[in-house]
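Have a look at structure-v4.cif; it's mmCIF, C-alpha atoms:
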```
data_model
#
loop_
_atom_site.group_PDB
_atom_site.id
_atom_site.type_symbol
_atom_site.label_atom_id
_atom_site.label_comp_id
_atom_site.auth_asym_id
_atom_site.auth_seq_id
_atom_site.Cartn_x
_atom_site.Cartn_y
_atom_site.Cartn_z
ATOM 1 C CA MET A 512 -24.691 18.595 18.396
ATOM 2 C CA SER A 513 -23.630 15.029 17.597
ATOM 3 C CA LEU A 514 -20.004 14.085 17.001
ATOM 4 C CA ILE A 515 -20.958 10.917 15.111
ATOM 5 C CA GLY A 516 -21.244 12.647 11.713
ATOM 6 C CA PRO A 517 -17.866 14.422 11.832
ATOM 7 C CA LEU A 518 -16.184 11.405 13.456
ATOM 8 C CA TYR A 519 -17.482 9.180 10.650
ATOM 9 C CA ALA A 520 -16.524 11.668 7.911
ATOM 10 C CA VAL A 521 -13.035 12.504 9.195
ATOM 11 C CA VAL A 522 -11.900 9.257 10.860
ATOM 12 C CA LEU A 523 -14.053 6.161 10.340
ATOM 13 C CA TYR A 524 -14.935 6.379 6.643
ATOM 14 C CA PRO A 525 -11.382 7.372 5.639
ATOM 15 C CA ILE A 526 -9.994 4.327 7.500
ATOM 16 C CA ILE A 527 -12.568 2.045 5.857
ATOM 17 C CA TYR A 528 -11.783 3.609 2.488
ATOM 18 C CA ILE A 529 -7.983 3.215 2.659
ATOM 19 C CA PHE A 530 -7.882 -0.139 4.464
ATOM 20 C CA PRO A 531 -7.711 -2.225 1.245
ATOM 21 C CA ALA A 532 -4.533 -0.337 0.294
ATOM 22 C CA TYR A 533 -3.070 -0.873 3.762
ATOM 23 C CA ALA A 534 -3.833 -4.606 3.522
ATOM 24 C CA ALA A 535 -2.335 -4.791 0.025
ATOM 25 C CA ASN A 536 0.790 -2.957 1.157
ATOM 26 C CA GLY A 537 1.312 -5.135 4.233
ATOM 27 C CA ALA A 538 0.503 -8.565 2.813
ATOM 28 C CA PRO A 539 3.806 -9.050 0.925
ATOM 29 C CA VAL A 540 5.747 -8.698 4.183
ATOM 30 C CA LEU A 541 3.791 -11.643 5.609
ATOM 31 C CA PHE A 542 3.214 -13.763 2.502
ATOM 32 C CA GLY A 543 5.911 -12.698 0.031
ATOM 33 C CA GLY A 544 9.098 -14.423 -0.958
ATOM 34 C CA GLY A 545 9.849 -16.787 -3.767
ATOM 35 C CA LYS A 546 10.464 -15.990 -7.406
ATOM 36 C CA PRO A 547 11.249 -12.331 -8.218
ATOM 37 C CA LEU A 548 8.552 -10.504 -10.165
ATOM 38 C CA ASP A 549 11.161 -9.313 -12.661
ATOM 39 C CA PHE A 550 12.532 -12.887 -13.086
ATOM 40 C CA GLY A 551 16.033 -11.492 -12.474
ATOM 41 C CA LYS A 552 15.891 -9.345 -15.633
ATOM 42 C CA SER A 553 17.704 -6.029 -15.947
ATOM 43 C CA ILE A 554 17.406 -2.820 -17.934
ATOM 44 C CA SER A 555 20.721 -1.156 -18.807
ATOM 45 C CA GLY A 556 22.484 -3.434 -16.339
ATOM 46 C CA LYS A 557 20.136 -2.558 -13.448
ATOM 47 C CA ARG A 558 17.517 -4.927 -12.058
ATOM 48 C CA ILE A 559 13.956 -3.927 -12.889
ATOM 49 C CA PHE A 560 12.608 -4.345 -9.324
ATOM 50 C CA GLY A 561 15.054 -6.584 -7.467
ATOM 51 C CA ASP A 562 14.724 -9.796 -5.472
ATOM 52 C CA HIS A 563 12.476 -8.272 -2.778
ATOM 53 C CA LYS A 564 9.541 -7.782 -5.169
ATOM 54 C CA THR A 565 8.138 -11.244 -5.762
ATOM 55 C CA ILE A 566 5.295 -12.865 -7.633
ATOM 56 C CA ARG A 567 3.880 -14.280 -4.403
ATOM 57 C CA GLY A 568 4.208 -10.930 -2.605
ATOM 58 C CA THR A 569 2.455 -9.039 -5.391
ATOM 59 C CA ALA A 570 -0.297 -11.643 -5.671
ATOM 60 C CA SER A 571 -0.803 -11.657 -1.895
ATOM 61 C CA GLY A 572 -1.174 -7.873 -1.928
ATOM 62 C CA LEU A 573 -3.815 -8.012 -4.648
ATOM 63 C CA ILE A 574 -5.659 -10.821 -2.853
ATOM 64 C CA ALA A 575 -5.509 -9.142 0.581
ATOM 65 C CA GLY A 576 -6.763 -5.778 -0.690
ATOM 66 C CA THR A 577 -9.564 -7.400 -2.668
ATOM 67 C CA ALA A 578 -10.520 -9.619 0.293
ATOM 68 C CA VAL A 579 -10.885 -6.523 2.461
ATOM 69 C CA GLY A 580 -13.097 -5.075 -0.266
ATOM 70 C CA LEU A 581 -15.281 -8.178 -0.250
ATOM 71 C CA ILE A 582 -15.839 -7.724 3.480
ATOM 72 C CA GLU A 583 -16.445 -3.973 3.194
ATOM 73 C CA PHE A 584 -18.808 -4.575 0.265
ATOM 74 C CA GLN A 585 -21.259 -6.176 2.700
ATOM 75 C CA PHE A 586 -21.689 -2.767 4.366
ATOM 76 C CA LEU A 587 -20.749 -0.249 1.670
ATOM 77 C CA ASN A 588 -21.621 -1.548 -1.787
ATOM 78 C CA GLN A 589 -19.314 0.878 -3.600
ATOM 79 C CA MET A 590 -16.200 -0.558 -1.937
ATOM 80 C CA LEU A 591 -15.537 -3.670 -4.025
ATOM 81 C CA PRO A 592 -14.277 -1.945 -7.191
ATOM 82 C CA ILE A 593 -12.588 0.731 -5.079
ATOM 83 C CA ALA A 594 -10.808 -1.930 -2.996
ATOM 84 C CA PHE A 595 -9.613 -3.849 -6.036
ATOM 85 C CA MET A 596 -8.271 -0.703 -7.691
ATOM 86 C CA MET A 597 -6.672 0.398 -4.414
ATOM 87 C CA ALA A 598 -4.883 -2.950 -4.194
ATOM 88 C CA VAL A 599 -3.657 -2.603 -7.779
ATOM 89 C CA GLY A 600 -2.604 1.005 -7.152
ATOM 90 C CA ALA A 601 -0.798 0.102 -3.934
ATOM 91 C CA MET A 602 1.175 -2.602 -5.730
ATOM 92 C CA VAL A 603 1.979 -0.302 -8.670
ATOM 93 C CA GLY A 604 3.136 2.458 -6.303
ATOM 94 C CA ASP A 605 5.377 0.055 -4.399
ATOM 95 C CA LEU A 606 6.824 -1.418 -7.595
ATOM 96 C CA LEU A 607 7.411 2.037 -9.055
ATOM 97 C CA GLY A 608 9.352 2.940 -5.918
ATOM 98 C CA SER A 609 11.573 -0.114 -6.322
ATOM 99 C CA PHE A 610 12.018 0.589 -10.030
ATOM 100 C CA LEU A 611 13.100 4.179 -9.314
ATOM 101 C CA LYS A 612 15.467 3.086 -6.537
ATOM 102 C CA ARG A 613 17.170 0.628 -8.908
ATOM 103 C CA ARG A 614 17.584 3.421 -11.489
ATOM 104 C CA MET A 615 19.178 5.596 -8.768
ATOM 105 C CA ASN A 616 21.610 2.771 -7.861
ATOM 106 C CA MET A 617 20.069 2.397 -4.411
ATOM 107 C CA LYS A 618 20.507 -0.993 -2.799
ATOM 108 C CA PRO A 619 17.460 -3.188 -2.137
ATOM 109 C CA GLY A 620 16.010 -2.369 1.257
ATOM 110 C CA SER A 621 17.448 1.158 1.295
ATOM 111 C CA SER A 622 15.136 4.003 2.235
ATOM 112 C CA LEU A 623 13.835 6.671 -0.118
ATOM 113 C CA PRO A 624 11.899 9.073 2.122
ATOM 114 C CA VAL A 625 8.367 10.037 1.104
ATOM 115 C CA LEU A 626 8.208 7.523 -1.750
ATOM 116 C CA ASP A 627 8.622 4.593 0.651
ATOM 117 C CA GLN A 628 5.972 5.937 3.027
ATOM 118 C CA TYR A 629 3.450 7.333 0.571
ATOM 119 C CA GLY A 630 4.032 5.783 -2.878
ATOM 120 C CA PHE A 631 1.532 2.952 -2.322
ATOM 121 C CA PHE A 632 -0.939 5.411 -0.759
ATOM 122 C CA ILE A 633 -0.816 7.975 -3.572
ATOM 123 C CA PHE A 634 -1.169 5.371 -6.309
ATOM 124 C CA ALA A 635 -3.990 3.611 -4.449
ATOM 125 C CA LEU A 636 -5.914 6.900 -4.327
ATOM 126 C CA ILE A 637 -5.186 7.627 -7.998
ATOM 127 C CA PHE A 638 -6.288 4.176 -9.175
ATOM 128 C CA ALA A 639 -9.483 4.293 -7.071
ATOM 129 C CA SER A 640 -10.388 7.855 -8.074
ATOM 130 C CA PRO A 641 -12.592 6.951 -11.089
ATOM 131 C CA PHE A 642 -14.945 5.163 -8.691
ATOM 132 C CA GLY A 643 -15.597 8.202 -6.483
ATOM 133 C CA SER A 644 -16.575 8.022 -2.815
ATOM 134 C CA TYR A 645 -13.382 9.813 -1.730
ATOM 135 C CA PRO A 646 -13.208 10.848 1.909
ATOM 136 C CA SER A 647 -13.541 14.549 2.702
ATOM 137 C CA VAL A 648 -10.514 16.832 2.533
ATOM 138 C CA TYR A 649 -10.254 16.537 6.314
ATOM 139 C CA GLY A 650 -10.506 12.772 6.024
ATOM 140 C CA LEU A 651 -7.694 12.719 3.464
ATOM 141 C CA ALA A 652 -5.560 14.946 5.708
ATOM 142 C CA PHE A 653 -6.210 12.523 8.571
ATOM 143 C CA LEU A 654 -5.125 9.625 6.318
ATOM 144 C CA VAL A 655 -1.877 11.356 5.377
ATOM 145 C CA LEU A 656 -1.007 11.688 9.060
ATOM 146 C CA LEU A 657 -2.217 8.177 9.901
ATOM 147 C CA THR A 658 -0.308 6.612 7.013
ATOM 148 C CA GLY A 659 2.939 8.264 8.060
ATOM 149 C CA LEU A 660 2.496 7.138 11.667
ATOM 150 C CA LEU A 661 1.453 3.599 10.734
ATOM 151 C CA HIS A 662 4.356 3.280 8.324
ATOM 152 C CA VAL A 663 6.839 3.947 11.109
ATOM 153 C CA LEU A 664 5.087 1.745 13.691
ATOM 154 C CA THR A 665 4.349 -1.251 11.460
ATOM 155 C CA ASN A 666 7.835 -1.295 9.969
ATOM 156 C CA MET A 667 9.456 -1.115 13.402
ATOM 157 C CA GLY A 668 7.201 -3.994 14.478
ATOM 158 C CA ALA A 669 8.023 -6.019 11.362
ATOM 159 C CA LYS A 670 11.741 -5.515 12.021
ATOM 160 C CA ARG A 671 11.362 -6.657 15.651
ATOM 161 C CA LEU A 672 9.421 -9.715 14.504
ATOM 162 C CA LYS A 673 12.189 -10.392 11.961
ATOM 163 C CA LEU A 674 9.762 -10.077 9.062
ATOM 164 C CA LYS A 675 11.916 -7.306 7.586
ATOM 165 C CA ASP A 676 15.655 -6.649 7.605
ATOM 166 C CA VAL A 677 15.265 -2.882 7.918
ATOM 167 C CA PRO A 678 12.830 -0.712 9.928
ATOM 168 C CA TRP A 679 11.428 1.182 6.891
#
```
Translate this structure into C-alpha cells?
Amino acid sequence: MSLIGPLYAVVLYPIIYIFPAYAANGAPVLFGGGKPLDFGKSISGKRIFGDHKTIRGTASGLIAGTAVGLIEFQFLNQMLPIAFMMAVGAMVGDLLGSFLKRRMNMKPGSSLPVLDQYGFFIFALIFASPFGSYPSVYGLAFLVLLTGLLHVLTNMGAKRLKLKDVPW
C-alpha cells in the first residue's frame, strides 16, 4: 500500500491550499509600516484598527497571497481564485481581530488568544469556501495543528529578528 495518496491528502495538499493565507498573514510583518489603514480615525473614542494595521501592510498581504496563488496556479489551476480569496480573508480576519481588541480596550500588540492565532486562518477558509477544493477533514485537522505551531515559532523568530515588538 502506498503512502503517497494519504500523505498528499493529509499533509501536502493542505499546506499548498493554506499557503496563500500564510503568506498574506506574514507579509505585513516584513513589508508593513507607514500610514495607518484607519487614517487615525476612531469610533466612540477608540481607534478603528490602530497604528499597527497599515495600508502598506494590508496591500503587501494581498499581493503576497495572490503571488503564491499565481505560482500554485501553474500546477493546480483552481488555486488562483482560492489564493486571492484566502489573502482577502486572512487580511479581514487580522483586521477584525484588531478591531475587536480596540473595542475591548486592549493595547496594540497585546495578545488575544485564539483570535490572534486563528483569526486569519478561519477567515481565509471562509472566504475561499465558495471555490471548493477544501482539504480533507484530516487535512484540515493537520492545518489547525500546523497553524498553531507555526504561529508560535514564526512570531518568536520575528521577535528575535526585531521585526516585531512582542512574540505573538
Inset, instruction - One decimal, Å: what's the distance from CA of Ser622 (chain A) over to CA of Met597 (chain A), could you say? - result: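 CA of Met597 (chain A) lies 23.1 Å from CA of Ser622 (chain A).
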Inset, instruction - Can you give me, as a PyMOL selection string, the residues this file yields under the PyMOL selection byres ((chain A and resi 607-610) around 12)? - result: chain A and resi 548-549+553-554+557-565+600-606+611-634
Inset, instruction - Can you work out which one of A:Gly516, A:Gly650, A:Gly668, A:Gly580 has the shortest atom-to-atom distance to Phe530 (chain A), counting all atoms listed in the file? - result: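 So, comparing all the options, the nearest one is A:Gly580.
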Inset, instruction - Considering only C-alpha atoms, state which residue in the set A:Ile515, A:Ile566, A:Ser571, A:Gly576 is at the smallest distance from Ala532 (chain A). - result: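 When distances to Ala532 (chain A) are compared using only C-alpha atoms, the smallest one comes from A:Gly576.
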Inset, instruction - For Leu573 (chain A), please output as a PyMOL selection string all residues within 7 Å (counting only C-alpha atoms; exclusion window: fewer than 2 positions along the same chain). - result: chain A and resi 535+569-571+575-577+598-599
Legend entry - Pairwise distance for CA of Pro531 (chain A) and CA of Leu514 (chain A), rounded to one decimal in Å: 25.8 Å
Inset, instruction - Report the distance between CA of Asn666 (chain A) and CA of Pro539 (chain A) in Å, rounded to one decimal place. - result: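 Answer for the CA of Asn666 (chain A) to CA of Pro539 (chain A) separation: 12.6 Å.
Checking A:Leu523, A:Pro641, A:Gly568, A:Phe595 one by one against Val540 (chain A), counting only C-alpha atoms, you find the shortest gap at A:Gly568.
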Inset, instruction - Return the single residue from A:Leu581, A:Val521, A:Ala669, A:Met596 that is closest to Gly643 (chain A), with distances computed using only C-alpha atoms. - result: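 Counting only C-alpha atoms, the residue closest to Gly643 (chain A) is A:Met596.
Using only C-alpha atoms, the smallest distance between any of A:Ala594, A:Leu672, A:Leu587, A:Val579 and Leu636 (chain A) comes from A:Ala594.
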Legend entry - Nearest candidate to Gly572 (chain A) (options A:Gly544, A:Gly551, A:Tyr533, A:Phe586; using only C-alpha atoms):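 Closest residue, counting only C-alpha atoms: A:Tyr533.
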